[in-house]
>>> print(open('input_32.txt').read())   # compact mmCIF, C-alpha atoms and all ligand atoms
# COMPACT_ATOMS: atom_id res chain seq x y z
CA MET A 112 81.88 96.11 75.22
CA VAL A 113 85.38 97.57 75.10
CA GLN A 114 87.46 95.94 77.83
CA PRO A 115 88.96 98.33 80.37
CA ASN A 116 92.67 98.10 81.10
CA PRO A 117 93.11 94.79 83.01
CA LEU A 118 95.35 96.54 85.57
CA PHE A 119 92.18 97.89 87.17
CA TRP A 120 91.11 94.32 88.06
CA GLN A 121 94.57 92.95 88.73
CA ARG A 122 95.30 95.54 91.41
CA TYR A 123 94.14 94.50 94.87
CA SER A 124 95.03 95.39 98.41
CA CYS A 125 97.87 93.03 99.32
CA ARG A 126 98.62 92.76 103.02
CA LYS A 127 101.25 90.01 103.06
CA PHE A 128 104.61 90.22 101.32
CA LEU A 129 107.56 87.98 100.53
CA ASP A 130 111.00 89.04 101.76
CA THR A 131 112.29 89.06 98.16
CA PRO A 132 113.85 92.48 97.53
CA ILE A 133 112.25 94.75 94.94
CA PRO A 134 114.60 95.54 92.02
CA PRO A 135 115.73 99.17 92.39
CA ASP A 136 114.65 100.03 88.84
CA PHE A 137 111.11 98.86 89.68
CA LEU A 138 111.03 101.37 92.54
CA GLU A 139 112.30 104.11 90.25
CA SER A 140 109.60 103.26 87.71
CA ILE A 141 106.94 103.44 90.43
CA LEU A 142 108.23 106.83 91.61
CA GLU A 143 108.29 108.01 87.99
CA ALA A 144 104.64 106.94 87.63
CA ALA A 145 103.80 108.98 90.72
CA ARG A 146 105.49 112.06 89.28
CA TRP A 147 103.34 111.92 86.16
CA ALA A 148 100.03 112.17 88.00
CA PRO A 149 97.86 115.16 87.16
CA SER A 150 97.67 118.03 89.62
CA GLY A 151 95.69 121.26 89.80
CA GLY A 152 97.50 123.84 87.65
CA ASN A 153 100.41 121.35 87.54
CA THR A 154 101.44 122.53 91.01
CA GLN A 155 102.66 119.03 91.98
CA PRO A 156 102.08 119.61 95.70
CA TRP A 157 103.63 116.35 96.82
CA ARG A 158 106.64 114.53 98.16
CA PHE A 159 107.29 110.81 97.82
CA HIS A 160 109.22 109.19 100.67
CA LEU A 161 110.77 105.86 99.74
CA VAL A 162 111.38 103.99 102.99
CA ARG A 163 113.53 100.86 103.26
CA ASN A 164 114.40 101.16 106.92
CA LYS A 165 112.85 98.77 109.44
CA GLY A 166 113.07 101.29 112.29
CA VAL A 167 111.11 103.88 110.33
CA GLN A 168 108.71 101.19 109.05
CA LYS A 169 108.10 100.06 112.62
CA ALA A 170 107.22 103.63 113.60
CA LEU A 171 104.90 103.90 110.58
CA ALA A 172 103.24 100.58 111.46
CA LEU A 173 102.65 101.85 114.99
CA ALA A 174 101.26 105.13 113.61
CA ALA A 175 98.95 102.93 111.51
CA PHE A 176 97.47 101.34 114.62
CA GLY A 177 99.66 98.24 114.40
CA GLN A 178 99.16 97.30 110.74
CA GLU A 179 102.17 94.97 110.76
CA PHE A 180 102.44 94.56 107.00
CA VAL A 181 103.78 98.13 106.89
CA LEU A 182 106.79 96.82 108.82
CA GLU A 183 107.04 93.54 106.90
CA ALA A 184 107.02 94.98 103.37
CA PRO A 185 110.43 95.26 101.70
CA ALA A 186 109.66 98.88 100.79
CA VAL A 187 107.14 101.54 101.67
CA ILE A 188 106.31 104.75 99.85
CA VAL A 189 104.64 107.49 101.85
CA VAL A 190 102.93 110.17 99.80
CA GLY A 191 102.91 113.57 101.45
CA ALA A 192 100.79 116.56 100.46
CA LEU A 193 102.01 120.15 100.54
CA PRO A 194 98.82 122.11 101.22
CA GLU A 195 100.50 125.53 101.24
CA LYS A 196 101.95 124.96 97.79
CA SER A 197 98.41 124.49 96.49
CA ALA A 198 97.07 127.33 98.64
CA LYS A 199 99.57 129.78 97.17
CA ARG A 200 97.80 129.44 93.86
CA TYR A 201 94.29 128.37 94.75
CA GLY A 202 93.67 129.60 98.29
CA GLU A 203 91.45 127.51 100.55
CA ARG A 204 90.28 125.24 97.73
CA GLY A 205 93.89 124.35 96.99
CA ARG A 206 94.72 123.83 100.66
CA SER A 207 91.77 121.65 101.59
CA LEU A 208 90.88 119.94 98.32
CA TYR A 209 93.28 120.09 95.37
CA CYS A 210 96.40 118.94 97.22
CA LEU A 211 94.50 115.88 98.46
CA GLN A 212 93.07 115.12 95.04
CA ASP A 213 96.50 115.55 93.46
CA THR A 214 98.18 113.21 95.92
CA ALA A 215 95.34 110.67 95.58
CA ALA A 216 95.98 110.61 91.83
CA ALA A 217 99.68 110.00 92.51
CA VAL A 218 98.82 107.16 94.90
CA GLN A 219 96.68 105.45 92.27
CA ASN A 220 99.51 105.77 89.72
CA ILE A 221 101.82 104.10 92.25
CA LEU A 222 99.38 101.23 92.85
CA LEU A 223 98.83 100.61 89.15
CA GLU A 224 102.51 100.74 88.23
CA ALA A 225 103.30 98.35 91.09
CA THR A 226 100.61 96.01 89.74
CA ARG A 227 102.03 96.22 86.23
CA LEU A 228 105.41 95.15 87.61
CA GLY A 229 103.92 92.16 89.45
CA LEU A 230 104.18 93.74 92.89
CA GLY A 231 101.57 93.81 95.63
CA SER A 232 100.58 97.06 97.27
CA CYS A 233 98.03 98.52 99.63
CA TRP A 234 96.73 102.03 100.21
CA VAL A 235 96.98 102.48 103.98
CA GLY A 236 95.07 105.54 105.09
CA ALA A 237 94.21 104.62 108.67
CA PHE A 238 97.03 106.18 110.67
CA GLN A 239 97.64 108.88 113.18
CA GLU A 240 98.90 111.75 111.08
CA SER A 241 101.17 113.36 113.65
CA ALA A 242 102.84 110.03 114.48
CA ALA A 243 103.47 109.28 110.79
CA ALA A 244 104.85 112.80 110.24
CA GLN A 245 107.15 112.32 113.21
CA ALA A 246 108.32 108.91 111.99
CA LEU A 247 109.42 110.52 108.73
CA ASN A 248 110.66 113.76 110.27
CA LEU A 249 108.47 115.70 107.85
CA ASP A 250 108.69 119.46 107.49
CA SER A 251 105.86 121.14 109.35
CA GLY A 252 103.08 121.74 106.86
CA GLU A 253 103.57 118.48 104.97
CA ARG A 254 100.66 116.09 105.48
CA PRO A 255 101.22 112.35 105.06
CA VAL A 256 98.19 111.14 103.12
CA SER A 257 98.97 107.55 102.22
CA ILE A 258 101.35 104.85 103.41
CA ILE A 259 101.94 102.31 100.64
CA PRO A 260 103.72 99.05 101.51
CA LEU A 261 105.13 97.32 98.43
CA GLY A 262 106.56 93.89 97.75
CA TYR A 263 106.12 90.62 95.94
CA PRO A 264 102.73 89.28 97.04
CA GLY A 265 102.69 86.73 99.82
CA GLU A 266 98.96 86.22 99.28
CA PRO A 267 96.97 85.89 96.05
CA MET A 268 94.22 88.17 94.90
CA PRO A 269 91.06 87.28 96.88
CA GLN A 270 88.62 85.12 94.92
CA GLU A 271 85.69 87.17 96.10
CA ARG A 272 85.88 90.85 95.28
CA SER A 273 82.98 93.17 95.11
CA ARG A 274 82.02 96.50 93.70
CA LEU A 275 78.64 98.15 93.52
CA PRO A 276 77.03 97.55 90.15
CA LEU A 277 77.34 100.33 87.62
CA ASP A 278 73.62 101.01 87.79
CA ALA A 279 73.92 101.76 91.49
CA THR A 280 76.65 104.32 91.00
CA VAL A 281 76.20 105.85 87.56
CA ARG A 282 73.63 108.47 86.74
CA ARG A 283 73.24 108.87 83.01
CA ILE A 284 72.15 112.27 81.76
CA ASP A 285 71.37 112.16 78.05
C1 LIG B 1 91.56 106.14 101.50
C2 LIG B 1 91.84 104.68 101.71
C3 LIG B 1 92.29 104.24 102.93
C4 LIG B 1 92.57 102.89 103.14
N1 LIG B 1 93.12 102.50 104.32
C5 LIG B 1 93.44 101.20 104.51
C6 LIG B 1 94.11 100.81 105.70
O1 LIG B 1 94.43 101.61 106.57
N2 LIG B 1 94.41 99.50 105.84
C7 LIG B 1 94.12 98.56 104.89
O2 LIG B 1 94.45 97.39 105.08
N3 LIG B 1 93.49 98.92 103.73
C8 LIG B 1 93.16 100.21 103.52
N4 LIG B 1 92.58 100.60 102.33
C9 LIG B 1 92.31 99.59 101.28
C10 LIG B 1 90.82 99.30 101.13
O3 LIG B 1 90.36 98.56 102.22
C11 LIG B 1 90.59 98.55 99.79
O4 LIG B 1 91.02 99.35 98.73
C12 LIG B 1 89.13 98.19 99.55
O5 LIG B 1 88.65 97.31 100.54
C13 LIG B 1 88.90 97.53 98.18
O6 LIG B 1 89.69 96.38 98.07
P1 LIG B 1 90.80 96.25 96.91
O7 LIG B 1 91.80 97.37 97.09
O8 LIG B 1 91.43 94.91 97.15
O9 LIG B 1 90.12 96.35 95.58
C14 LIG B 1 92.34 101.94 102.11
C15 LIG B 1 91.90 102.40 100.86
C16 LIG B 1 91.69 103.75 100.64
C17 LIG B 1 91.32 104.22 99.26
>>> encode(input="input_32.txt", output="structure tokens", more="lines below")
Ligand SMILES: Cc1cc2nc3c(=O)[nH]c(=O)nc-3n(C[C@H](O)[C@H](O)[C@H](O)COP(=O)(O)O)c2cc1C
Amino acid sequence: MVQPNPLFWQRYSCRKFLDTPIPPDFLESILEAARWAPSGGNTQPWRFHLVRNKGVQKALALAAFGQEFVLEAPAVIVVGALPEKSAKRYGERGRSLYCLQDTAAAVQNILLEATRLGLGSCWVGAFQESAAAQALNLDSGERPVSIIPLGYPGEPMPQERSRLPLDATVRRID
């Protein structure tokens, strides 16, 4: 069998970080990876907020129902979706679907690039949207879709990881 890119296994949700600062060029590379995600009609309906401010991180952690590692991480990227940018071109499908798919693709690029650089990351999606938007002072109409704490891992990849077997998820139509 052809081996998939090992980054897919190496990435895991890391919820404990060292204080070691992240080299600035690593953060730029991660943001660059985000920018190269695909998007419907190449509309790029997103904004990437790079946060290295403990006051803002505290507010984000509170918005995320007290997930403290959002505060503890040396950096956090919040990916915001711009539904009206997608709607301008694709109407309701753009507003309610494409902009979320586009930003999800950008989030995955961020996670994989962080992994490639030896950084830990986690996709935090459980948060109160209005509180996160307020913490970042977002323009009205921008939806925060993912809070991504980043840093050198303070915990290893769990030994036990599980995924449904391929047979349970793949339907083959020959
Ligand atoms: C949409 C979405 C929302 C998530 N929200 C959270 C979250 O709020 N807090 C958290 O610790 N992990 C969150 N996760 C991470 C998942 O729990 C994790 O990806 C899953 O358990 C698989 O583990 P792995 O990432 O280590 O492979 C989220 C993941 C996704 C894709």
>>> atom_distance(input="input_32.txt", atom1="CA of Leu275 in chain A", atom2="atom C9 of ligand LIG 1 (chain B)")
15.8 Å
>>> residues_around(input="input_32.txt", residues="Arg204 in chain A", least_positions_apart="6", cutoff="12 Å", atoms="all atoms listed in the file", output="PyMOL selection string")
chain A and resi 151+194-198+210-212
>>> residues_around(input="input_32.txt", residues="Gln239 in chain A", least_positions_apart="3", cutoff="9 Å", atoms="all atoms listed in the file", output="compact mmCIF listing (two decimals) with C-alpha atoms, keeping the file's coordinate frame")
# COMPACT_ATOMS: atom_id res chain seq x y z
CA LEU A 173 102.65 101.85 114.99
CA ALA A 174 101.26 105.13 113.61
CA ALA A 175 98.95 102.93 111.51
CA PHE A 176 97.47 101.34 114.62
CA ALA A 242 102.84 110.03 114.48
CA ALA A 243 103.47 109.28 110.79
CA ALA A 244 104.85 112.80 110.24
>>> residues_near_ligand(input="input_32.txt", ligand="ligand LIG 1 (chain B)", cutoff="9 Å", atoms="only C-alpha atoms and all ligand atoms", output="list in words")
Phe119, Trp120, Gln121, Arg122, Tyr123, Ser124, Cys125, Arg126, Ala175, Phe176, Gln178, Phe180, Ala215, Gln219, Ser232, Cys233, Trp234, Val235, Gly236, Ala237, Phe238, Val256, Ser257, Ile258, Met268, Pro269, Arg272, Ser273 and Arg274 of chain A
>>> closest_residue(input="input_32.txt", among="A:Phe159, A:Tyr201, A:Tyr263, A:Tyr209", to="Ile221 in chain A", atoms="only C-alpha atoms")
A:Phe159
>>> closest_residue(input="input_32.txt", among="A:Gly229, A:Gly202, A:Gly191, A:Pro264", to="Asp250 in chain A", atoms="all atoms listed in the file")
A:Gly191
>>> axis_aligned_box(input="input_32.txt", around="range 146-157 of chain A", padding_each_side="5 Å", output="JSON")
{"center_x": 100.6, "center_y": 117.9, "center_z": 91.5, "size_x": 19.8, "size_y": 21.9, "size_z": 20.7}
>>> atom_distance(input="input_32.txt", atom1="CA of Leu208 in chain A", atom2="CA of Arg158 in chain A")
16.7 Å
>>> atom_distance(input="input_32.txt", atom1="CA of Lys127 in chain A", atom2="CA of Val187 in chain A")
13.0 Å
>>> closest_residue(input="input_32.txt", among="A:Pro117, A:Ala246, A:Ala192, A:Asn220", to="Ala144 in chain A", atoms="only C-alpha atoms")
A:Asn220
>>> closest_residue(input="input_32.txt", among="A:Glu183, A:Asp278, A:Glu143, A:Glu253", to="Glu240 in chain A", atoms="all atoms listed in the file")
A:Glu253
>>> closest_residue(input="input_32.txt", among="A:Gln270, A:Thr154, A:Ser140, A:Gln114", to="Arg200 in chain A", atoms="all atoms listed in the file")
A:Thr154
>>> residues_around(input="input_32.txt", residues="Gly166 in chain A", least_positions_apart="5", cutoff="10 Å", atoms="all atoms listed in the file", output="compact mmCIF listing (two decimals) with C-alpha atoms, in the frame of the given file")
# COMPACT_ATOMS: atom_id res chain seq x y z
CA LEU A 171 104.90 103.90 110.58
CA ALA A 172 103.24 100.58 111.46
CA LEU A 182 106.79 96.82 108.82
CA ALA A 246 108.32 108.91 111.99
>>> decode(input="input_32.txt", residues="range 116-192 of chain A", atoms="C-alpha atoms", output="PDB file, in the first residue's frame")
ATOM      1  CA  ASN A 116       1.803  11.582   4.192  1.00  0.00           C
ATOM      2  CA  PRO A 117       2.976  10.908   7.794  1.00  0.00           C
ATOM      3  CA  LEU A 118       1.810  14.392   8.844  1.00  0.00           C
ATOM      4  CA  PHE A 119      -1.722  12.995   8.960  1.00  0.00           C
ATOM      5  CA  TRP A 120      -0.700  10.649  11.807  1.00  0.00           C
ATOM      6  CA  GLN A 121       1.749  12.986  13.484  1.00  0.00           C
ATOM      7  CA  ARG A 122      -0.861  15.695  13.973  1.00  0.00           C
ATOM      8  CA  TYR A 123      -2.825  15.331  17.199  1.00  0.00           C
ATOM      9  CA  SER A 124      -4.804  17.608  19.447  1.00  0.00           C
ATOM     10  CA  CYS A 125      -2.253  19.034  21.869  1.00  0.00           C
ATOM     11  CA  ARG A 126      -3.703  20.674  24.963  1.00  0.00           C
ATOM     12  CA  LYS A 127      -0.559  21.466  26.950  1.00  0.00           C
ATOM     13  CA  PHE A 128       2.223  23.739  25.764  1.00  0.00           C
ATOM     14  CA  LEU A 129       5.713  24.780  26.822  1.00  0.00           C
ATOM     15  CA  ASP A 130       6.387  28.482  27.392  1.00  0.00           C
ATOM     16  CA  THR A 131       9.110  28.399  24.718  1.00  0.00           C
ATOM     17  CA  PRO A 132       8.323  31.150  22.208  1.00  0.00           C
ATOM     18  CA  ILE A 133       7.473  30.165  18.640  1.00  0.00           C
ATOM     19  CA  PRO A 134       9.985  31.537  16.094  1.00  0.00           C
ATOM     20  CA  PRO A 135       8.262  34.360  14.176  1.00  0.00           C
ATOM     21  CA  ASP A 136       9.090  32.792  10.805  1.00  0.00           C
ATOM     22  CA  PHE A 137       7.271  29.615  11.893  1.00  0.00           C
ATOM     23  CA  LEU A 138       4.142  31.678  12.503  1.00  0.00           C
ATOM     24  CA  GLU A 139       4.507  33.339   9.116  1.00  0.00           C
ATOM     25  CA  SER A 140       4.858  29.937   7.468  1.00  0.00           C
ATOM     26  CA  ILE A 141       1.704  28.727   9.227  1.00  0.00           C
ATOM     27  CA  LEU A 142      -0.231  31.812   8.093  1.00  0.00           C
ATOM     28  CA  GLU A 143       1.107  31.307   4.576  1.00  0.00           C
ATOM     29  CA  ALA A 144      -0.167  27.708   4.658  1.00  0.00           C
ATOM     30  CA  ALA A 145      -3.592  29.006   5.677  1.00  0.00           C
ATOM     31  CA  ARG A 146      -3.652  31.444   2.768  1.00  0.00           C
ATOM     32  CA  TRP A 147      -3.086  28.645   0.267  1.00  0.00           C
ATOM     33  CA  ALA A 148      -6.170  26.666   1.243  1.00  0.00           C
ATOM     34  CA  PRO A 149      -8.750  26.115  -1.477  1.00  0.00           C
ATOM     35  CA  SER A 150     -11.945  28.156  -1.409  1.00  0.00           C
ATOM     36  CA  GLY A 151     -15.115  28.199  -3.479  1.00  0.00           C
ATOM     37  CA  GLY A 152     -14.417  30.265  -6.606  1.00  0.00           C
ATOM     38  CA  ASN A 153     -11.184  31.363  -4.879  1.00  0.00           C
ATOM     39  CA  THR A 154     -13.215  33.870  -2.858  1.00  0.00           C
ATOM     40  CA  GLN A 155     -10.954  33.432   0.200  1.00  0.00           C
ATOM     41  CA  PRO A 156     -13.701  34.429   2.656  1.00  0.00           C
ATOM     42  CA  TRP A 157     -11.471  34.420   5.707  1.00  0.00           C
ATOM     43  CA  ARG A 158      -9.385  36.385   8.146  1.00  0.00           C
ATOM     44  CA  PHE A 159      -6.594  34.973  10.285  1.00  0.00           C
ATOM     45  CA  HIS A 160      -6.089  36.631  13.669  1.00  0.00           C
ATOM     46  CA  LEU A 161      -2.684  35.961  15.190  1.00  0.00           C
ATOM     47  CA  VAL A 162      -3.011  36.551  18.932  1.00  0.00           C
ATOM     48  CA  ARG A 163      -0.048  36.833  21.297  1.00  0.00           C
ATOM     49  CA  ASN A 164      -1.753  38.837  24.007  1.00  0.00           C
ATOM     50  CA  LYS A 165      -2.615  37.201  27.322  1.00  0.00           C
ATOM     51  CA  GLY A 166      -5.574  39.522  27.947  1.00  0.00           C
ATOM     52  CA  VAL A 167      -7.170  38.583  24.632  1.00  0.00           C
ATOM     53  CA  GLN A 168      -6.243  34.909  25.139  1.00  0.00           C
ATOM     54  CA  LYS A 169      -7.905  34.988  28.554  1.00  0.00           C
ATOM     55  CA  ALA A 170     -11.092  36.345  26.980  1.00  0.00           C
ATOM     56  CA  LEU A 171     -10.920  33.646  24.282  1.00  0.00           C
ATOM     57  CA  ALA A 172     -10.385  30.934  26.912  1.00  0.00           C
ATOM     58  CA  LEU A 173     -13.441  32.193  28.785  1.00  0.00           C
ATOM     59  CA  ALA A 174     -15.442  32.256  25.530  1.00  0.00           C
ATOM     60  CA  ALA A 175     -14.299  28.638  25.101  1.00  0.00           C
ATOM     61  CA  PHE A 176     -15.932  27.634  28.382  1.00  0.00           C
ATOM     62  CA  GLY A 177     -12.688  27.805  30.350  1.00  0.00           C
ATOM     63  CA  GLN A 178     -10.385  25.781  28.091  1.00  0.00           C
ATOM     64  CA  GLU A 179      -7.269  27.082  29.831  1.00  0.00           C
ATOM     65  CA  PHE A 180      -4.783  25.913  27.217  1.00  0.00           C
ATOM     66  CA  VAL A 181      -6.074  28.721  24.987  1.00  0.00           C
ATOM     67  CA  LEU A 182      -4.617  31.134  27.560  1.00  0.00           C
ATOM     68  CA  GLU A 183      -1.447  29.109  28.180  1.00  0.00           C
ATOM     69  CA  ALA A 184      -0.361  28.691  24.547  1.00  0.00           C
ATOM     70  CA  PRO A 185       2.375  31.069  23.374  1.00  0.00           C
ATOM     71  CA  ALA A 186       0.267  31.944  20.317  1.00  0.00           C
ATOM     72  CA  VAL A 187      -3.274  31.490  19.102  1.00  0.00           C
ATOM     73  CA  ILE A 188      -4.669  31.825  15.601  1.00  0.00           C
ATOM     74  CA  VAL A 189      -8.372  32.456  15.267  1.00  0.00           C
ATOM     75  CA  VAL A 190      -9.837  31.745  11.852  1.00  0.00           C
ATOM     76  CA  GLY A 191     -12.793  33.921  10.972  1.00  0.00           C
ATOM     77  CA  ALA A 192     -15.261  33.369   8.139  1.00  0.00           C
TER      78      ALA A 192
END
